[in-house]
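Novice: Shown below is the structure under consideration.
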Amino acid sequence: MMDDDELIAAVAAGDDTALRELFTRHAPWLAARLRAALPPSDVEDVLQETFLAVWRGAGAYRPQGTPGAWMWVIARNQAALLLRRCGPVAESLPEIPQAGLDPSEAALARAEIAAALDGLPGLDGDVLRLMYVEDRPVAEVAALLGVPAGTVKSRAHRARRLLRLALGESR
Amino acid sequence: MTIPNVPGRLPPALDSPDGVDLDRVWAGVAAQVWRRHPGWTERTAARLLRSPGLARALVTTPSLLMPWLISTVVAFGVGALVSIGPGQPLVWLIAPGVAAVGIAFAYGPGTDPAWELSLSCAVPDRMVLFARGAAVFAVNAALGLLASTVSGAAAALTFGWLVPMTAVSALALAVSVTARSASVGAGAGVAAWTITVLASQTASGQATAAATNMHVYLPYLAVAVCCAAVVGYATRPQREF
Amino acid sequence: MNVEMRDTRRSFGKNRAVAGVDLQLGTGVFGLLGPNGAGKTSLLRMLATVLPPTSGEIRLLGRDPRGAAARREIRRRLGYLPQSLGYYPSFTVVEFIEYFALLKEMPSSAVPGAVAAAVERVDLGAKARAKLRTLSGGMLRRVGIAQAIVNNPDLLLLDEPTAGLDPEQRVHFRRLLRSLGGNSTVVVSTHLVEDVGTACSEVALMSAGKVVFRGTPDELTARGAGHEVGDAPLERGYSAVLAEARS
């Protein structure tokens, strides 16, 4: 059972069965992440281009980050290319104010943040979502969650740190 | 219901996010990863013959593959270097035999393990026969002429063997198609040429007369035409299988 | 009707391999059963345009295969797996399937995608670039099935497709068969009765060159009521009909 780094090295050496194994392992979660920003047919196109890019570019991979992160970056870039060609897609995503980002970048950033938020443990995720996604004041969030305002503020601080880490992983 | 994940198969569609067909995605990736990129020869042949299938059949002719070609070049090389008399390199002796073997192995049930399947395909097998036979003949003729010219043979010896080569090749093909065996066809061609050369030696004291005596050219061509007719009959469409 | 045969006969000298068969087939999966020597392979060869009938009429995909142009058009939409299929040992799985896709005059741009799809459908994705000489008998048979389906044929002819396949692969093959019968006519010739039971909507039984039974697998099973030869109901029906035909 080869790990991802070994598989990518095998792909770089021209082993198509290694690419197949990588696809089996990673295509489902990549598809799920992309699906947050794109319709199914676009997800399929992007995924196809992503794995072709992996096939061609496996030689350039250096095993220091996580292979998953490397693949997500490729997928993200392919998605951006697609969106630039076809224009942004009217999908309902949580509205997060984006100053100065073009629409394709914004859609992907939203997808990334949504995915990262999903990964945050319960109360922290709720706090971030209520405060920054739904833009509610601290007092309202405290009331909704049934915790003191001070707890909300410290949780928000911790959640922001966790989120920064989560987003940092995928760069 | 869980479908057991059999090695070699992608996980079931249950694992795909809604609406995304991962099997289709993989098929698209595999199509590009696995695809074969035809070489220059094949691409040119496809344009000239207006058929990628016929071009592929041509470049996969057993007697035109690299190992065979190398052997042919070596055989002609030997012929160019070895002489049994002044100005008589052995190209004239070797060429018809080599071509006969090449043509016997170019087409037919004797050499194609998937021949019945090929018969059921849209590209007519007679076109495959014609393209392959012509190509093998042309390659052998060109190599032979090159060897002859380079070795400085007399004019009659340089070109004369082309006529018996046509006859012997046609015979080899006719036998290989009717006997359904490339080896039998090749053997028949080589045997016929050997007998002809020996007969010529006995009759006129000169073995090279088999290639240079213009009086036998007409009989050679008659043999070639008859054998071609046999091949035509044996490969008629909707023939007895 | 994709296949129409009227009083079709085929003889080899004195041997009457096919002794008068009438057959009309539309879309669906059609099983052709019978003992060895019953004439199944000759019938399939006539359907594959590889062998002409000695007498009688055949029309395939609405055309008469005696004309060269019609034959070529039929063959473009035909898929055929002969009973014994040789392989080119130095070819890879993909190269072999691609070769016949090209010979069937598929448009070149469509070939890579069709080949990849066919390879995955027969579950040989992990062996796509392996040389044929490294494959087992069952895998080679699956390569044969893949080349037959690569051009999405309207008429698919499979002669003993499960020869050499292990039971798990035969289950997978039956599933594949069911998926193929939607828009095309599939004729599966086999002497293994159980291959036919679940996958075929209709079955014909041949004996000594003639069709001695035509109906659904259930009807064949019903003919076996009370008959003793056979381990399974369908087998008993098969033996019963054969016994009647021979008497």
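Simple scheme: letters A, B, ... for chains in structure tokens order, numbers from 1 for residues in each chain, numbers from 1 for ligands in the order shown.
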Hey, what's within 9 Å of A:Arg56 if we count only C-alpha atoms and toss same-chain stuff fewer than 5 positions away? As a ChimeraX atom specification, please?
Specialist: /A:11-12,51
Novice: Convert the current residue selection to file output with C-alpha atoms, as a JSON list (two decimals), in the first residue's frame.
Specialist:
[["chain", "number", "residue", "atom", "x", "y", "z"],
["A", 11, "VAL", "CA", 3.18, 8.89, -11.65],
["A", 12, "ALA", "CA", 6.22, 11.01, -12.44],
["A", 51, "PHE", "CA", -5.69, 14.92, -12.93]]
Novice: When DSSP is applied to the backbone of this structure, which of stretch 89-181 of chain B are assigned alpha helix (DSSP H)? Write them out as a ChimeraX atom specification.
Specialist: /B:91-104,115-119,125-150,155-159,162-179
Novice: Based on only C-alpha atoms, which of the residues in chain C come within 9 Å of chain A? I want them as a PDB file with N, CA and C atoms, in the first residue's frame.
Specialist:
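Result went into selection-v4.pdb, see below:
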ATOM      1  N   GLY C 125      -8.920  -1.689 -16.261  1.00  0.00           N
ATOM      2  CA  GLY C 125      -8.257  -0.397 -16.119  1.00  0.00           C
ATOM      3  C   GLY C 125      -6.856  -0.510 -15.544  1.00  0.00           C
ATOM      4  N   ALA C 126      -6.659  -1.459 -14.618  1.00  0.00           N
ATOM      5  CA  ALA C 126      -5.339  -1.571 -14.007  1.00  0.00           C
ATOM      6  C   ALA C 126      -4.328  -2.225 -14.940  1.00  0.00           C
ATOM      7  N   LYS C 127      -4.793  -2.775 -16.065  1.00  0.00           N
ATOM      8  CA  LYS C 127      -3.896  -3.479 -16.988  1.00  0.00           C
ATOM      9  C   LYS C 127      -3.847  -2.820 -18.356  1.00  0.00           C
ATOM     10  N   ALA C 128      -4.298  -1.559 -18.410  1.00  0.00           N
ATOM     11  CA  ALA C 128      -4.485  -0.926 -19.710  1.00  0.00           C
ATOM     12  C   ALA C 128      -3.223  -0.911 -20.551  1.00  0.00           C
ATOM     13  N   ARG C 129      -2.078  -0.679 -19.915  1.00  0.00           N
ATOM     14  CA  ARG C 129      -0.860  -0.573 -20.697  1.00  0.00           C
ATOM     15  C   ARG C 129       0.022  -1.811 -20.555  1.00  0.00           C
TER      16      ARG C 129
END
Novice: Can you check which residues of chain C have any atom within 9 Å of chain B? Use only C-alpha atoms and format it as a PyMOL selection string.
Specialist: chain C and resi 12+45+48-52+66+68+71-82+84-88+94-95+98-108+111-117+120+123-129
Novice: Can you list, as a ChimeraX atom specification, every protein, DNA or RNA residue that comes within 12 Å of stretch 228-234 of chain B when you count only C-alpha atoms, leaving out same-chain residues fewer than 4 positions away?
Specialist: /B:104,107-109,125-127,129-130,133,166-180,221-224,238-241
Novice: May I ask you to extract the residues of chain B within 6 Å of chain A, using only C-alpha atoms, and to give them as an MDAnalysis selection string?
Specialist: chainID B and resid 16:17 19:20 25 29
Novice: Mind writing the picked residues with N, CA and C atoms as an mmCIF file, in the first residue's frame?
Specialist:
data_model
loop_
_atom_site.group_PDB
_atom_site.id
_atom_site.type_symbol
_atom_site.label_atom_id
_atom_site.label_comp_id
_atom_site.auth_asym_id
_atom_site.auth_seq_id
_atom_site.Cartn_x
_atom_site.Cartn_y
_atom_site.Cartn_z
ATOM 1 N N SER B 16 -19.564 9.656 -4.782
ATOM 2 C CA SER B 16 -19.407 10.906 -5.519
ATOM 3 C C SER B 16 -20.374 11.949 -4.993
ATOM 4 N N PRO B 17 -19.945 13.196 -4.974
ATOM 5 C CA PRO B 17 -20.902 14.251 -4.603
ATOM 6 C C PRO B 17 -22.005 14.346 -5.644
ATOM 7 N N GLY B 19 -24.534 14.574 -8.453
ATOM 8 C CA GLY B 19 -24.492 14.981 -9.846
ATOM 9 C C GLY B 19 -23.154 14.790 -10.524
ATOM 10 N N VAL B 20 -22.103 14.488 -9.780
ATOM 11 C CA VAL B 20 -20.793 14.371 -10.408
ATOM 12 C C VAL B 20 -20.509 12.898 -10.703
ATOM 13 N N VAL B 25 -15.414 11.061 -15.373
ATOM 14 C CA VAL B 25 -14.212 11.890 -15.266
ATOM 15 C C VAL B 25 -12.971 11.027 -15.496
ATOM 16 N N VAL B 29 -9.871 11.206 -18.233
ATOM 17 C CA VAL B 29 -8.440 11.273 -17.905
ATOM 18 C C VAL B 29 -7.703 10.124 -18.588
#
Novice: One decimal, Å: what's the distance from atom CA of B:Val128 over to atom CA of B:Pro38, could you say?
Specialist: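 These two atoms are separated by 18.2 Å.
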Novice: I'd like the contact shell of B:Ala191 - 9 Å cut-off, only C-alpha atoms, skipping same-chain residues fewer than 5 positions apart - returned as a ChimeraX atom specification.
Specialist: /B:97,186,196
Novice: For B:Ala134, which of B:Ala147, B:Leu218, B:Ala203, B:Leu64 is the closest residue, counting only C-alpha atoms?
Specialist: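 The closest residue to B:Ala134 is B:Leu64.
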Novice: Show me, as a JSON list (two decimals) with N, CA and C atoms, in the first residue's frame, the residues that have an atom within 12 Å of B:Ala207 when counting only C-alpha atoms, minus same-chain residues fewer than 2 positions from it.
Specialist:
[["chain", "number", "residue", "atom", "x", "y", "z"],
["B", 84, "ILE", "N", 30.58, -13.81, -56.04],
["B", 84, "ILE", "CA", 31.16, -15.08, -56.47],
["B", 84, "ILE", "C", 31.96, -14.92, -57.74],
["B", 85, "GLY", "N", 31.91, -13.77, -58.30],
["B", 85, "GLY", "CA", 32.71, -13.51, -59.50],
["B", 85, "GLY", "C", 32.90, -12.02, -59.62],
["B", 88, "GLN", "N", 29.84, -9.32, -59.62],
["B", 88, "GLN", "CA", 28.65, -10.14, -59.41],
["B", 88, "GLN", "C", 28.33, -10.30, -57.93],
["B", 90, "LEU", "N", 26.08, -10.65, -54.69],
["B", 90, "LEU", "CA", 25.00, -11.63, -54.57],
["B", 90, "LEU", "C", 23.62, -11.03, -54.36],
["B", 92, "TRP", "N", 21.48, -10.08, -56.46],
["B", 92, "TRP", "CA", 20.50, -10.65, -57.39],
["B", 92, "TRP", "C", 19.98, -11.99, -56.89],
["B", 93, "LEU", "N", 20.87, -12.70, -56.14],
["B", 93, "LEU", "CA", 20.48, -14.02, -55.66],
["B", 93, "LEU", "C", 19.58, -13.92, -54.42],
["B", 157, "LEU", "N", 22.52, -6.99, -63.92],
["B", 157, "LEU", "CA", 22.39, -7.60, -62.60],
["B", 157, "LEU", "C", 21.78, -6.65, -61.59],
["B", 193, "TRP", "N", 12.56, -20.34, -56.17],
["B", 193, "TRP", "CA", 13.68, -19.53, -56.65],
["B", 193, "TRP", "C", 14.96, -20.35, -56.68],
["B", 194, "THR", "N", 15.17, -21.16, -55.65],
["B", 194, "THR", "CA", 16.36, -22.02, -55.61],
["B", 194, "THR", "C", 16.40, -22.94, -56.82],
["B", 195, "ILE", "N", 15.24, -23.58, -57.08],
["B", 195, "ILE", "CA", 15.15, -24.50, -58.22],
["B", 195, "ILE", "C", 15.44, -23.76, -59.52],
["B", 196, "THR", "N", 14.87, -22.56, -59.65],
["B", 196, "THR", "CA", 15.07, -21.78, -60.88],
["B", 196, "THR", "C", 16.56, -21.47, -61.08],
["B", 197, "VAL", "N", 17.22, -21.05, -60.02],
["B", 197, "VAL", "CA", 18.64, -20.70, -60.13],
["B", 197, "VAL", "C", 19.47, -21.93, -60.49],
["B", 198, "LEU", "N", 19.18, -23.05, -59.82],
["B", 198, "LEU", "CA", 19.93, -24.28, -60.10],
["B", 198, "LEU", "C", 19.68, -24.74, -61.53],
["B", 199, "ALA", "N", 18.42, -24.63, -61.97],
["B", 199, "ALA", "CA", 18.10, -25.03, -63.34],
["B", 199, "ALA", "C", 18.85, -24.17, -64.33],
["B", 200, "SER", "N", 18.93, -22.89, -64.02],
["B", 200, "SER", "CA", 19.63, -21.96, -64.90],
["B", 200, "SER", "C", 21.12, -22.32, -64.95],
["B", 201, "GLN", "N", 21.66, -22.66, -63.82],
["B", 201, "GLN", "CA", 23.08, -23.06, -63.75],
["B", 201, "GLN", "C", 23.32, -24.30, -64.61],
["B", 202, "THR", "N", 22.40, -25.25, -64.46],
["B", 202, "THR", "CA", 22.54, -26.50, -65.22],
["B", 202, "THR", "C", 22.38, -26.26, -66.72],
["B", 203, "ALA", "N", 21.39, -25.44, -67.06],
["B", 203, "ALA", "CA", 21.09, -25.24, -68.48],
["B", 203, "ALA", "C", 22.14, -24.41, -69.19],
["B", 204, "SER", "N", 22.58, -23.32, -68.57],
["B", 204, "SER", "CA", 23.47, -22.42, -69.31],
["B", 204, "SER", "C", 24.83, -22.27, -68.65],
["B", 205, "GLY", "N", 25.04, -22.98, -67.55],
["B", 205, "GLY", "CA", 26.34, -22.86, -66.87],
["B", 205, "GLY", "C", 26.46, -21.58, -66.09],
["B", 209, "ALA", "N", 22.03, -16.21, -64.98],
["B", 209, "ALA", "CA", 21.08, -16.13, -66.09],
["B", 209, "ALA", "C", 19.65, -16.13, -65.57],
["B", 210, "ALA", "N", 19.46, -16.69, -64.37],
["B", 210, "ALA", "CA", 18.11, -16.69, -63.80],
["B", 210, "ALA", "C", 17.58, -15.27, -63.66],
["B", 211, "ALA", "N", 18.51, -14.30, -63.50],
["B", 211, "ALA", "CA", 18.06, -12.92, -63.33],
["B", 211, "ALA", "C", 18.32, -12.08, -64.57],
["B", 212, "THR", "N", 19.22, -12.49, -65.43],
["B", 212, "THR", "CA", 19.60, -11.59, -66.52],
["B", 212, "THR", "C", 19.10, -12.05, -67.89],
["B", 213, "ASN", "N", 18.69, -13.30, -68.00],
["B", 213, "ASN", "CA", 18.25, -13.81, -69.31],
["B", 213, "ASN", "C", 16.87, -13.27, -69.64]]
